[in-house]
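**Q** Sending over my_file_5.cif (mmCIF, N, CA and C atoms).
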```
data_input
loop_
_atom_site.label_atom_id
_atom_site.label_comp_id
_atom_site.auth_asym_id
_atom_site.auth_seq_id
_atom_site.Cartn_x
_atom_site.Cartn_y
_atom_site.Cartn_z
N MET H 1 -6.18 8.97 -11.35
CA MET H 1 -5.97 8.58 -9.98
C MET H 1 -4.93 7.47 -9.94
N THR H 2 -4.04 7.57 -8.99
CA THR H 2 -3.06 6.53 -8.76
C THR H 2 -3.28 5.95 -7.38
N ILE H 3 -3.32 4.62 -7.30
CA ILE H 3 -3.51 3.93 -6.05
C ILE H 3 -2.28 3.07 -5.81
N ILE H 4 -1.62 3.28 -4.68
CA ILE H 4 -0.43 2.53 -4.32
C ILE H 4 -0.78 1.69 -3.10
N VAL H 5 -0.71 0.38 -3.26
CA VAL H 5 -1.08 -0.54 -2.18
C VAL H 5 0.20 -1.18 -1.64
N LEU H 6 0.46 -0.95 -0.35
CA LEU H 6 1.65 -1.50 0.30
C LEU H 6 1.23 -2.71 1.12
N THR H 7 1.77 -3.88 0.78
CA THR H 7 1.43 -5.12 1.47
C THR H 7 2.68 -5.71 2.10
N GLY H 8 2.48 -6.76 2.87
CA GLY H 8 3.60 -7.47 3.47
C GLY H 8 3.52 -7.48 4.98
N LEU H 9 4.41 -8.25 5.58
CA LEU H 9 4.41 -8.43 7.02
C LEU H 9 5.16 -7.33 7.77
N VAL H 10 6.00 -6.58 7.09
CA VAL H 10 6.76 -5.52 7.76
C VAL H 10 5.81 -4.41 8.19
N VAL H 11 6.10 -3.80 9.31
CA VAL H 11 5.22 -2.75 9.83
C VAL H 11 5.93 -1.40 9.83
N VAL H 12 7.07 -1.33 10.50
CA VAL H 12 7.78 -0.06 10.62
C VAL H 12 8.14 0.49 9.24
N GLU H 13 8.67 -0.37 8.38
CA GLU H 13 9.06 0.06 7.04
C GLU H 13 7.85 0.49 6.21
N LYS H 14 6.71 -0.16 6.44
CA LYS H 14 5.48 0.20 5.71
C LYS H 14 5.04 1.60 6.12
N VAL H 15 5.12 1.91 7.41
CA VAL H 15 4.78 3.25 7.89
C VAL H 15 5.74 4.27 7.28
N GLN H 16 7.04 3.96 7.32
CA GLN H 16 8.05 4.89 6.79
C GLN H 16 7.87 5.12 5.29
N LEU H 17 7.58 4.07 4.54
CA LEU H 17 7.39 4.22 3.10
C LEU H 17 6.11 5.00 2.80
N THR H 18 5.08 4.78 3.57
CA THR H 18 3.84 5.55 3.41
C THR H 18 4.13 7.04 3.61
N GLN H 19 4.86 7.37 4.66
CA GLN H 19 5.22 8.77 4.93
C GLN H 19 6.06 9.35 3.80
N ALA H 20 7.03 8.59 3.34
CA ALA H 20 7.93 9.08 2.28
C ALA H 20 7.19 9.29 0.97
N LEU H 21 6.30 8.37 0.62
CA LEU H 21 5.53 8.53 -0.62
C LEU H 21 4.57 9.71 -0.53
N ALA H 22 3.92 9.87 0.61
CA ALA H 22 3.03 11.01 0.79
C ALA H 22 3.81 12.32 0.65
N GLN H 23 4.98 12.37 1.25
CA GLN H 23 5.82 13.56 1.17
C GLN H 23 6.26 13.81 -0.28
N HIS H 24 6.59 12.76 -0.99
CA HIS H 24 7.04 12.90 -2.39
C HIS H 24 5.96 13.52 -3.27
N PHE H 25 4.73 13.06 -3.14
CA PHE H 25 3.67 13.52 -4.02
C PHE H 25 3.05 14.86 -3.58
N HIS H 26 3.27 15.25 -2.34
CA HIS H 26 2.72 16.48 -1.81
C HIS H 26 3.70 17.61 -2.09
N PRO H 27 3.35 18.78 -2.47
CA PRO H 27 2.03 19.35 -2.66
C PRO H 27 1.56 19.35 -4.12
N GLN H 28 2.31 18.71 -5.03
CA GLN H 28 1.92 18.73 -6.44
C GLN H 28 0.61 17.98 -6.69
N LYS H 29 0.31 16.99 -5.87
CA LYS H 29 -0.89 16.17 -6.03
C LYS H 29 -1.65 16.15 -4.71
N THR H 30 -2.96 15.91 -4.79
CA THR H 30 -3.70 15.67 -3.56
C THR H 30 -3.42 14.23 -3.15
N VAL H 31 -3.18 14.03 -1.86
CA VAL H 31 -2.78 12.72 -1.36
C VAL H 31 -3.73 12.28 -0.25
N ALA H 32 -4.13 11.01 -0.31
CA ALA H 32 -4.92 10.41 0.75
C ALA H 32 -4.21 9.13 1.19
N VAL H 33 -4.23 8.88 2.48
CA VAL H 33 -3.63 7.67 3.03
C VAL H 33 -4.70 6.89 3.76
N ILE H 34 -4.77 5.60 3.46
CA ILE H 34 -5.63 4.69 4.20
C ILE H 34 -4.71 3.85 5.07
N ASP H 35 -4.83 4.05 6.37
CA ASP H 35 -3.97 3.38 7.34
C ASP H 35 -4.69 2.16 7.89
N ASN H 36 -4.30 0.99 7.40
CA ASN H 36 -4.91 -0.27 7.83
C ASN H 36 -3.90 -1.11 8.60
N ILE H 37 -2.76 -0.54 8.96
CA ILE H 37 -1.72 -1.28 9.68
C ILE H 37 -2.21 -1.60 11.08
N ALA H 38 -2.01 -2.85 11.50
CA ALA H 38 -2.57 -3.30 12.78
C ALA H 38 -1.78 -2.82 14.00
N ARG H 39 -0.45 -2.82 13.93
CA ARG H 39 0.34 -2.60 15.14
C ARG H 39 0.88 -1.20 15.32
N LEU H 40 0.84 -0.37 14.32
CA LEU H 40 1.31 1.01 14.42
C LEU H 40 0.35 1.92 13.66
N GLU H 41 0.43 3.20 13.96
CA GLU H 41 -0.36 4.18 13.23
C GLU H 41 0.55 4.97 12.31
N VAL H 42 0.03 5.32 11.16
CA VAL H 42 0.75 6.20 10.26
C VAL H 42 0.55 7.62 10.76
N ASP H 43 1.66 8.31 11.00
CA ASP H 43 1.60 9.70 11.41
C ASP H 43 2.69 10.45 10.67
N GLY H 44 2.86 11.70 10.98
CA GLY H 44 3.93 12.48 10.34
C GLY H 44 3.70 12.73 8.87
N LEU H 45 2.44 12.84 8.47
CA LEU H 45 2.11 13.07 7.06
C LEU H 45 2.12 14.56 6.75
N PRO H 46 2.34 14.93 5.49
CA PRO H 46 2.31 16.35 5.13
C PRO H 46 0.92 16.95 5.40
N GLU H 47 0.91 18.26 5.60
CA GLU H 47 -0.35 18.98 5.79
C GLU H 47 -1.27 18.72 4.60
N LYS H 48 -2.55 18.73 4.85
CA LYS H 48 -3.59 18.55 3.85
C LYS H 48 -3.65 17.14 3.28
N THR H 49 -2.89 16.21 3.84
CA THR H 49 -3.02 14.81 3.46
C THR H 49 -4.22 14.24 4.20
N THR H 50 -5.12 13.64 3.47
CA THR H 50 -6.29 13.02 4.08
C THR H 50 -5.86 11.67 4.66
N LEU H 51 -6.17 11.45 5.92
CA LEU H 51 -5.82 10.20 6.59
C LEU H 51 -7.09 9.49 7.01
N THR H 52 -7.24 8.24 6.56
CA THR H 52 -8.39 7.42 6.93
C THR H 52 -7.88 6.20 7.67
N PRO H 53 -8.07 6.16 9.00
CA PRO H 53 -7.70 4.94 9.73
C PRO H 53 -8.74 3.85 9.48
N LEU H 54 -8.27 2.63 9.32
CA LEU H 54 -9.17 1.51 9.05
C LEU H 54 -8.67 0.32 9.85
N THR H 55 -9.45 -0.16 10.78
CA THR H 55 -9.03 -1.27 11.62
C THR H 55 -9.58 -2.59 11.08
N GLY H 56 -8.91 -3.66 11.45
CA GLY H 56 -9.35 -4.99 11.06
C GLY H 56 -8.72 -5.46 9.77
N ASP H 57 -9.00 -6.72 9.45
CA ASP H 57 -8.40 -7.30 8.25
C ASP H 57 -9.43 -7.62 7.18
N ALA H 58 -10.59 -6.99 7.25
CA ALA H 58 -11.62 -7.22 6.24
C ALA H 58 -11.23 -6.53 4.94
N VAL H 59 -10.92 -7.32 3.95
CA VAL H 59 -10.47 -6.80 2.66
C VAL H 59 -11.57 -5.97 2.01
N THR H 60 -12.82 -6.38 2.19
CA THR H 60 -13.92 -5.62 1.57
C THR H 60 -13.98 -4.20 2.12
N ASP H 61 -13.72 -4.02 3.42
CA ASP H 61 -13.70 -2.68 4.01
C ASP H 61 -12.58 -1.84 3.40
N LEU H 62 -11.43 -2.46 3.19
CA LEU H 62 -10.30 -1.75 2.58
C LEU H 62 -10.64 -1.31 1.16
N ILE H 63 -11.20 -2.22 0.38
CA ILE H 63 -11.55 -1.90 -1.01
C ILE H 63 -12.61 -0.80 -1.06
N GLU H 64 -13.59 -0.87 -0.17
CA GLU H 64 -14.61 0.19 -0.10
C GLU H 64 -13.99 1.52 0.26
N ALA H 65 -13.05 1.52 1.20
CA ALA H 65 -12.38 2.75 1.61
C ALA H 65 -11.58 3.34 0.45
N ILE H 66 -10.89 2.49 -0.29
CA ILE H 66 -10.14 2.97 -1.46
C ILE H 66 -11.10 3.54 -2.50
N GLY H 67 -12.17 2.81 -2.78
CA GLY H 67 -13.12 3.23 -3.80
C GLY H 67 -13.86 4.51 -3.46
N SER H 68 -14.01 4.82 -2.17
CA SER H 68 -14.75 6.01 -1.78
C SER H 68 -13.84 7.20 -1.47
N THR H 69 -12.56 7.05 -1.68
CA THR H 69 -11.60 8.12 -1.41
C THR H 69 -11.29 8.84 -2.70
N SER H 70 -11.31 10.15 -2.64
CA SER H 70 -10.97 10.91 -3.84
C SER H 70 -9.70 11.71 -3.58
N ALA H 71 -8.71 11.45 -4.37
CA ALA H 71 -7.43 12.15 -4.33
C ALA H 71 -6.68 11.78 -5.60
N ASP H 72 -5.67 12.56 -5.94
CA ASP H 72 -4.85 12.21 -7.09
C ASP H 72 -4.05 10.94 -6.81
N VAL H 73 -3.57 10.82 -5.56
CA VAL H 73 -2.78 9.66 -5.14
C VAL H 73 -3.37 9.12 -3.85
N ILE H 74 -3.68 7.82 -3.86
CA ILE H 74 -4.15 7.14 -2.66
C ILE H 74 -3.10 6.10 -2.29
N ILE H 75 -2.63 6.17 -1.06
CA ILE H 75 -1.66 5.20 -0.55
C ILE H 75 -2.37 4.36 0.49
N ALA H 76 -2.48 3.08 0.23
CA ALA H 76 -3.15 2.16 1.15
C ALA H 76 -2.10 1.29 1.81
N ALA H 77 -1.90 1.50 3.10
CA ALA H 77 -0.97 0.68 3.88
C ALA H 77 -1.79 -0.45 4.50
N VAL H 78 -1.66 -1.64 3.92
CA VAL H 78 -2.52 -2.77 4.26
C VAL H 78 -1.99 -3.50 5.49
N THR H 79 -2.91 -3.94 6.33
CA THR H 79 -2.55 -4.68 7.53
C THR H 79 -1.71 -5.91 7.20
N GLU H 80 -0.80 -6.19 8.09
CA GLU H 80 0.04 -7.39 7.95
C GLU H 80 -0.77 -8.65 8.17
N GLN H 81 -1.99 -8.52 8.64
CA GLN H 81 -2.85 -9.67 8.88
C GLN H 81 -3.71 -10.05 7.68
N ALA H 82 -3.67 -9.25 6.62
CA ALA H 82 -4.49 -9.52 5.44
C ALA H 82 -4.01 -10.79 4.74
N HIS H 83 -4.94 -11.59 4.32
CA HIS H 83 -4.64 -12.81 3.57
C HIS H 83 -4.27 -12.40 2.14
N PRO H 84 -3.05 -12.71 1.68
CA PRO H 84 -2.61 -12.21 0.37
C PRO H 84 -3.55 -12.56 -0.80
N GLU H 85 -3.99 -13.79 -0.88
CA GLU H 85 -4.83 -14.17 -2.02
C GLU H 85 -6.15 -13.39 -2.03
N LYS H 86 -6.78 -13.26 -0.86
CA LYS H 86 -8.04 -12.51 -0.78
C LYS H 86 -7.83 -11.05 -1.15
N LEU H 87 -6.71 -10.49 -0.70
CA LEU H 87 -6.41 -9.10 -1.01
C LEU H 87 -6.26 -8.90 -2.51
N PHE H 88 -5.50 -9.75 -3.15
CA PHE H 88 -5.23 -9.54 -4.57
C PHE H 88 -6.44 -9.85 -5.45
N ILE H 89 -7.31 -10.75 -5.03
CA ILE H 89 -8.57 -10.97 -5.75
C ILE H 89 -9.42 -9.71 -5.66
N ALA H 90 -9.49 -9.13 -4.47
CA ALA H 90 -10.27 -7.90 -4.29
C ALA H 90 -9.67 -6.74 -5.09
N LEU H 91 -8.34 -6.68 -5.16
CA LEU H 91 -7.70 -5.63 -5.95
C LEU H 91 -7.96 -5.81 -7.45
N ASP H 92 -8.03 -7.04 -7.91
CA ASP H 92 -8.40 -7.29 -9.31
C ASP H 92 -9.81 -6.77 -9.58
N ASP H 93 -10.72 -7.01 -8.64
CA ASP H 93 -12.08 -6.48 -8.78
C ASP H 93 -12.07 -4.95 -8.80
N LEU H 94 -11.23 -4.35 -7.95
CA LEU H 94 -11.12 -2.90 -7.92
C LEU H 94 -10.62 -2.36 -9.26
N ARG H 95 -9.69 -3.07 -9.88
CA ARG H 95 -9.20 -2.65 -11.20
C ARG H 95 -10.33 -2.62 -12.24
N GLU H 96 -11.25 -3.56 -12.12
CA GLU H 96 -12.40 -3.58 -13.02
C GLU H 96 -13.36 -2.43 -12.72
N GLN H 97 -13.52 -2.11 -11.43
CA GLN H 97 -14.41 -1.02 -11.03
C GLN H 97 -13.85 0.35 -11.39
N LEU H 98 -12.53 0.47 -11.36
CA LEU H 98 -11.86 1.75 -11.62
C LEU H 98 -10.87 1.58 -12.78
N PRO H 99 -11.38 1.39 -13.99
CA PRO H 99 -10.48 1.09 -15.12
C PRO H 99 -9.50 2.21 -15.46
N ASP H 100 -9.81 3.44 -15.08
CA ASP H 100 -8.91 4.55 -15.39
C ASP H 100 -7.85 4.79 -14.32
N ALA H 101 -7.93 4.06 -13.22
CA ALA H 101 -6.96 4.23 -12.14
C ALA H 101 -5.69 3.43 -12.41
N ASN H 102 -4.58 3.99 -12.03
CA ASN H 102 -3.30 3.27 -12.06
C ASN H 102 -3.13 2.65 -10.68
N ILE H 103 -3.17 1.33 -10.61
CA ILE H 103 -3.07 0.65 -9.33
C ILE H 103 -1.75 -0.11 -9.29
N TYR H 104 -0.93 0.21 -8.30
CA TYR H 104 0.36 -0.44 -8.11
C TYR H 104 0.34 -1.18 -6.77
N THR H 105 0.67 -2.45 -6.79
CA THR H 105 0.77 -3.20 -5.54
C THR H 105 2.24 -3.53 -5.29
N LEU H 106 2.70 -3.16 -4.11
CA LEU H 106 4.09 -3.38 -3.73
C LEU H 106 4.13 -4.32 -2.54
N ALA H 107 4.81 -5.44 -2.68
CA ALA H 107 5.00 -6.39 -1.59
C ALA H 107 6.31 -6.06 -0.90
N LEU H 108 6.23 -5.64 0.36
CA LEU H 108 7.42 -5.32 1.13
C LEU H 108 7.89 -6.60 1.81
N ILE H 109 9.10 -7.02 1.45
CA ILE H 109 9.64 -8.32 1.90
C ILE H 109 10.90 -8.09 2.71
N ASP H 110 10.97 -8.72 3.90
CA ASP H 110 12.18 -8.67 4.71
C ASP H 110 12.69 -10.09 4.94
N THR H 111 13.81 -10.22 5.62
CA THR H 111 14.38 -11.56 5.82
C THR H 111 13.50 -12.43 6.72
N ARG H 112 12.79 -11.82 7.66
CA ARG H 112 11.88 -12.61 8.51
C ARG H 112 10.79 -13.26 7.66
N THR H 113 10.26 -12.50 6.71
CA THR H 113 9.25 -13.06 5.81
C THR H 113 9.85 -14.20 5.01
N CYS H 114 11.06 -14.01 4.53
CA CYS H 114 11.72 -15.05 3.74
C CYS H 114 11.97 -16.32 4.56
N ASP H 115 12.48 -16.14 5.78
CA ASP H 115 12.89 -17.28 6.59
C ASP H 115 11.72 -17.95 7.32
N CYS H 116 10.82 -17.16 7.87
CA CYS H 116 9.78 -17.71 8.74
C CYS H 116 8.44 -17.94 8.04
N PHE H 117 8.19 -17.20 6.99
CA PHE H 117 6.90 -17.29 6.31
C PHE H 117 7.09 -17.38 4.80
N PRO H 118 7.78 -18.43 4.33
CA PRO H 118 8.07 -18.52 2.90
C PRO H 118 6.80 -18.61 2.05
N ASN H 119 5.73 -19.19 2.58
CA ASN H 119 4.49 -19.28 1.81
C ASN H 119 3.86 -17.90 1.61
N VAL H 120 3.96 -17.04 2.63
CA VAL H 120 3.45 -15.67 2.50
C VAL H 120 4.30 -14.91 1.48
N ARG H 121 5.61 -15.08 1.58
CA ARG H 121 6.49 -14.41 0.61
C ARG H 121 6.15 -14.84 -0.81
N GLN H 122 5.96 -16.12 -1.01
CA GLN H 122 5.65 -16.62 -2.34
C GLN H 122 4.35 -16.03 -2.86
N ALA H 123 3.33 -15.98 -2.03
CA ALA H 123 2.05 -15.41 -2.44
C ALA H 123 2.18 -13.93 -2.76
N LEU H 124 2.88 -13.19 -1.90
CA LEU H 124 3.06 -11.77 -2.14
C LEU H 124 3.80 -11.52 -3.45
N GLU H 125 4.89 -12.25 -3.66
CA GLU H 125 5.68 -12.06 -4.88
C GLU H 125 4.93 -12.49 -6.13
N MET H 126 4.08 -13.50 -5.99
CA MET H 126 3.33 -13.98 -7.15
C MET H 126 2.29 -12.96 -7.60
N TYR H 127 1.62 -12.32 -6.66
CA TYR H 127 0.50 -11.46 -7.01
C TYR H 127 0.84 -9.98 -7.11
N ALA H 128 1.83 -9.51 -6.41
CA ALA H 128 2.14 -8.07 -6.41
C ALA H 128 2.76 -7.65 -7.73
N ASP H 129 2.59 -6.38 -8.04
CA ASP H 129 3.21 -5.84 -9.25
C ASP H 129 4.73 -5.78 -9.11
N ALA H 130 5.18 -5.54 -7.89
CA ALA H 130 6.62 -5.48 -7.64
C ALA H 130 6.91 -5.91 -6.20
N SER H 131 8.05 -6.54 -6.02
CA SER H 131 8.53 -6.88 -4.68
C SER H 131 9.60 -5.88 -4.30
N VAL H 132 9.50 -5.39 -3.09
CA VAL H 132 10.45 -4.41 -2.59
C VAL H 132 11.15 -5.05 -1.39
N MET H 133 12.44 -5.35 -1.58
CA MET H 133 13.22 -5.99 -0.51
C MET H 133 13.68 -4.93 0.49
N MET H 134 13.64 -5.31 1.76
CA MET H 134 14.09 -4.43 2.83
C MET H 134 15.59 -4.56 3.01
N PRO H 135 16.33 -3.52 3.26
CA PRO H 135 15.84 -2.15 3.28
C PRO H 135 15.58 -1.67 1.86
N TYR H 136 14.51 -0.92 1.69
CA TYR H 136 14.12 -0.47 0.35
C TYR H 136 14.95 0.74 -0.07
N ASN H 137 15.02 0.93 -1.37
CA ASN H 137 15.65 2.10 -1.96
C ASN H 137 14.53 3.03 -2.38
N LEU H 138 14.35 4.13 -1.68
CA LEU H 138 13.23 5.04 -1.92
C LEU H 138 13.20 5.53 -3.36
N ASP H 139 14.34 5.86 -3.92
CA ASP H 139 14.38 6.35 -5.30
C ASP H 139 13.84 5.31 -6.28
N GLU H 140 14.15 4.04 -6.05
CA GLU H 140 13.64 2.98 -6.92
C GLU H 140 12.13 2.81 -6.79
N VAL H 141 11.64 2.89 -5.57
CA VAL H 141 10.19 2.78 -5.36
C VAL H 141 9.49 3.95 -6.03
N ILE H 142 10.00 5.14 -5.83
CA ILE H 142 9.39 6.33 -6.44
C ILE H 142 9.43 6.24 -7.96
N ALA H 143 10.53 5.80 -8.52
CA ALA H 143 10.62 5.65 -9.97
C ALA H 143 9.57 4.68 -10.49
N TYR H 144 9.24 3.66 -9.72
CA TYR H 144 8.26 2.68 -10.16
C TYR H 144 6.85 3.25 -10.13
N VAL H 145 6.51 4.02 -9.11
CA VAL H 145 5.13 4.48 -8.94
C VAL H 145 4.92 5.94 -9.33
N ASP H 146 5.96 6.64 -9.72
CA ASP H 146 5.85 8.07 -9.96
C ASP H 146 4.95 8.37 -11.14
N ILE H 147 4.14 9.41 -10.97
CA ILE H 147 3.24 9.87 -12.01
C ILE H 147 3.57 11.32 -12.33
N ARG H 148 3.28 11.69 -13.49
CA ARG H 148 3.54 13.09 -13.91
C ARG H 148 2.24 13.79 -14.20
#
```
Please rewrite the model in this file as structure tokens.

**A**
Amino acid sequence: MTIIVLTGLVVVEKVQLTQALAQHFHPQKTVAVIDNIARLEVDGLPEKTTLTPLTGDAVTDLIEAIGSTSADVIIAAVTEQAHPEKLFIALDDLREQLPDANIYTLALIDTRTCDCFPNVRQALEMYADASVMMPYNLDEVIAYVDIR
């Protein structure tokens, strides 16, 4: 199982990247999307993609949703309201619960995050497996998380 966690303050780009990743892995893999984005909904997913909407910023609910989802690839689009440190502590716990899962955390960073919320940017970059600067290069993101 591969779990791709998309974090950061950007919303539109997070939706677009979720759609693009789901499209990339479909139909070779079963894909599930957990939509925890506060201001937009993830739509436009390939057929047979499981979509689980999750409202609120409770990290425990997100981790439970990820842990109870079965698919080859799980894409979790995390709310922009999630506290980075709490999220990454919970993801570390998830890694212990699912030792065979490949978990990738991607921090989506834009100039607004850099200029207006430097502390959030620093936390995201410190804890995430990779930082993805906007506008992202889809091929680079796919190369990082691609599974065979």

**Q** For a test of reading the model, state the distance in Å between atom N of Met134 (chain H) and CA of Asp115 (chain H), rounded to one decimal.

**A**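 Computed distance, atom N of Met134 (chain H) to CA of Asp115 (chain H), equals 12.9 Å.
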
**Q** Using the chain letters and numbers from this file, what does the PyMOL selection byres (((chain H and resi 64 and name CA) around 12) and name CA) select? Give the answer as a PyMOL selection string.

**A** chain H and resi 34+52+54+58-63+65-70+76+90-91+93-94+97-98

**Q** So how far away is atom C of Ile3 (chain H) from CA of Glu80 (chain H), in Å?

**A**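 For CA of Glu80 (chain H) relative to atom C of Ile3 (chain H), the distance reads 17.4 Å.
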
**Q** In Å, with one decimal, what is the gap from CA of Gly56 (chain H) to CA of Leu87 (chain H)?

**A**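 Rounded to one decimal, the two atoms are 13.1 Å apart.
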
**Q** Per DSSP on the backbone, what are the strand (DSSP E or B) residues of region 16-148 of chain H, as a list of chain:residue names?

**A**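 In region 16-148 of chain H, DSSP puts these residues in strand (DSSP E or B): H:Val31, H:Ala32, H:Val33, H:Ile34, H:Asp35, H:Thr50, H:Leu51, H:Thr52, H:Pro53, H:Val73, H:Ile74, H:Ile75, H:Ala76, H:Ala77, H:Asn102, H:Ile103, H:Tyr104, H:Thr105, H:Leu106, H:Ala107, H:Leu108, H:Ile109, H:Ala130, H:Ser131, H:Val132, H:Met133.
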
**Q** Run the PyMOL selection byres ((chain H and resi 15-24) around 7) on the file and write out the hits as a PyMOL selection string.

**A** chain H and resi 10-14+25-28+31+41-46+75+77

**Q** List every residue of chain H that DSSP, applied to the backbone, labels as helix (DSSP H, G or I), and write the result as a ChimeraX atom specification.

**A** /H:12-25,59-67,84-97,111-116,118-127,138-145

**Q** For each of H:Ala82, H:Leu51, H:Val145, H:Cys116, take the minimum atom-to-atom distance to Ile4 (chain H), counting all atoms listed in the file, then give the residue where this is smallest.

**A**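 Answer, going by the shortest atom-to-atom distance: H:Val145.
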
**Q** From the list H:Glu85, H:Lys29, H:Leu138, H:Met1, which residue is nearest Arg121 (chain H) when using only C-alpha atoms?

**A**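 Between H:Glu85, H:Lys29, H:Leu138, H:Met1, the residue approaching Arg121 (chain H) most closely is H:Glu85.
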
**Q** I need the residue set behind the PyMOL selection byres ((chain H and resi 108) around 8) for this file; please write it as a list in words.

**A**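 Selected by the PyMOL selection byres ((chain H and resi 108) around 8) in this file: Val5, Leu6, Thr7, Gly8, Leu9, Val10, Glu13, Lys14, Thr105, Leu106, Ala107, Ile109, Asp110, Thr111, Thr113, Leu124, Glu125, Ala130, Ser131, Val132, Met133 and Met134 of chain H.
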
**Q** Go ahead and dump the residues you just picked, N, CA and C atoms, as a PDB file, in the frame of the given file.

**A**
```
ATOM      1  N   VAL H   5      -0.710   0.380  -3.260  1.00  0.00           N
ATOM      2  CA  VAL H   5      -1.080  -0.540  -2.180  1.00  0.00           C
ATOM      3  C   VAL H   5       0.200  -1.180  -1.640  1.00  0.00           C
ATOM      4  N   LEU H   6       0.460  -0.950  -0.350  1.00  0.00           N
ATOM      5  CA  LEU H   6       1.650  -1.500   0.300  1.00  0.00           C
ATOM      6  C   LEU H   6       1.230  -2.710   1.120  1.00  0.00           C
ATOM      7  N   THR H   7       1.770  -3.880   0.780  1.00  0.00           N
ATOM      8  CA  THR H   7       1.430  -5.120   1.470  1.00  0.00           C
ATOM      9  C   THR H   7       2.680  -5.710   2.100  1.00  0.00           C
ATOM     10  N   GLY H   8       2.480  -6.760   2.870  1.00  0.00           N
ATOM     11  CA  GLY H   8       3.600  -7.470   3.470  1.00  0.00           C
ATOM     12  C   GLY H   8       3.520  -7.480   4.980  1.00  0.00           C
ATOM     13  N   LEU H   9       4.410  -8.250   5.580  1.00  0.00           N
ATOM     14  CA  LEU H   9       4.410  -8.430   7.020  1.00  0.00           C
ATOM     15  C   LEU H   9       5.160  -7.330   7.770  1.00  0.00           C
ATOM     16  N   VAL H  10       6.000  -6.580   7.090  1.00  0.00           N
ATOM     17  CA  VAL H  10       6.760  -5.520   7.760  1.00  0.00           C
ATOM     18  C   VAL H  10       5.810  -4.410   8.190  1.00  0.00           C
ATOM     19  N   GLU H  13       8.670  -0.370   8.380  1.00  0.00           N
ATOM     20  CA  GLU H  13       9.060   0.060   7.040  1.00  0.00           C
ATOM     21  C   GLU H  13       7.850   0.490   6.210  1.00  0.00           C
ATOM     22  N   LYS H  14       6.710  -0.160   6.440  1.00  0.00           N
ATOM     23  CA  LYS H  14       5.480   0.200   5.710  1.00  0.00           C
ATOM     24  C   LYS H  14       5.040   1.600   6.120  1.00  0.00           C
ATOM     25  N   THR H 105       0.670  -2.450  -6.790  1.00  0.00           N
ATOM     26  CA  THR H 105       0.770  -3.200  -5.540  1.00  0.00           C
ATOM     27  C   THR H 105       2.240  -3.530  -5.290  1.00  0.00           C
ATOM     28  N   LEU H 106       2.700  -3.160  -4.110  1.00  0.00           N
ATOM     29  CA  LEU H 106       4.090  -3.380  -3.730  1.00  0.00           C
ATOM     30  C   LEU H 106       4.130  -4.320  -2.540  1.00  0.00           C
ATOM     31  N   ALA H 107       4.810  -5.440  -2.680  1.00  0.00           N
ATOM     32  CA  ALA H 107       5.000  -6.390  -1.590  1.00  0.00           C
ATOM     33  C   ALA H 107       6.310  -6.060  -0.900  1.00  0.00           C
ATOM     34  N   ILE H 109       9.100  -7.020   1.450  1.00  0.00           N
ATOM     35  CA  ILE H 109       9.640  -8.320   1.900  1.00  0.00           C
ATOM     36  C   ILE H 109      10.900  -8.090   2.710  1.00  0.00           C
ATOM     37  N   ASP H 110      10.970  -8.720   3.900  1.00  0.00           N
ATOM     38  CA  ASP H 110      12.180  -8.670   4.710  1.00  0.00           C
ATOM     39  C   ASP H 110      12.690 -10.090   4.940  1.00  0.00           C
ATOM     40  N   THR H 111      13.810 -10.220   5.620  1.00  0.00           N
ATOM     41  CA  THR H 111      14.380 -11.560   5.820  1.00  0.00           C
ATOM     42  C   THR H 111      13.500 -12.430   6.720  1.00  0.00           C
ATOM     43  N   THR H 113      10.260 -12.500   6.710  1.00  0.00           N
ATOM     44  CA  THR H 113       9.250 -13.060   5.810  1.00  0.00           C
ATOM     45  C   THR H 113       9.850 -14.200   5.010  1.00  0.00           C
ATOM     46  N   LEU H 124       2.880 -13.190  -1.900  1.00  0.00           N
ATOM     47  CA  LEU H 124       3.060 -11.770  -2.140  1.00  0.00           C
ATOM     48  C   LEU H 124       3.800 -11.520  -3.450  1.00  0.00           C
ATOM     49  N   GLU H 125       4.890 -12.250  -3.660  1.00  0.00           N
ATOM     50  CA  GLU H 125       5.680 -12.060  -4.880  1.00  0.00           C
ATOM     51  C   GLU H 125       4.930 -12.490  -6.130  1.00  0.00           C
ATOM     52  N   ALA H 130       5.180  -5.540  -7.890  1.00  0.00           N
ATOM     53  CA  ALA H 130       6.620  -5.480  -7.640  1.00  0.00           C
ATOM     54  C   ALA H 130       6.910  -5.910  -6.200  1.00  0.00           C
ATOM     55  N   SER H 131       8.050  -6.540  -6.020  1.00  0.00           N
ATOM     56  CA  SER H 131       8.530  -6.880  -4.680  1.00  0.00           C
ATOM     57  C   SER H 131       9.600  -5.880  -4.300  1.00  0.00           C
ATOM     58  N   VAL H 132       9.500  -5.390  -3.090  1.00  0.00           N
ATOM     59  CA  VAL H 132      10.450  -4.410  -2.590  1.00  0.00           C
ATOM     60  C   VAL H 132      11.150  -5.050  -1.390  1.00  0.00           C
ATOM     61  N   MET H 133      12.440  -5.350  -1.580  1.00  0.00           N
ATOM     62  CA  MET H 133      13.220  -5.990  -0.510  1.00  0.00           C
ATOM     63  C   MET H 133      13.680  -4.930   0.490  1.00  0.00           C
ATOM     64  N   MET H 134      13.640  -5.310   1.760  1.00  0.00           N
ATOM     65  CA  MET H 134      14.090  -4.430   2.830  1.00  0.00           C
ATOM     66  C   MET H 134      15.590  -4.560   3.010  1.00  0.00           C
TER      67      MET H 134
END
```

**Q** Can you pull out the residues contacting Ala123 (chain H)? Cut-off 7 Å, using all atoms listed in the file, and skip same-chain residues under 5 positions away; I want them as number ranges by chain.

**A** H: 84-85, 118, 128

**Q** Pick from H:Thr49, H:Ala32, H:His83, H:Cys114: nearest to Ala71 (chain H), with all atoms listed in the file counted?

**A** H:Ala32
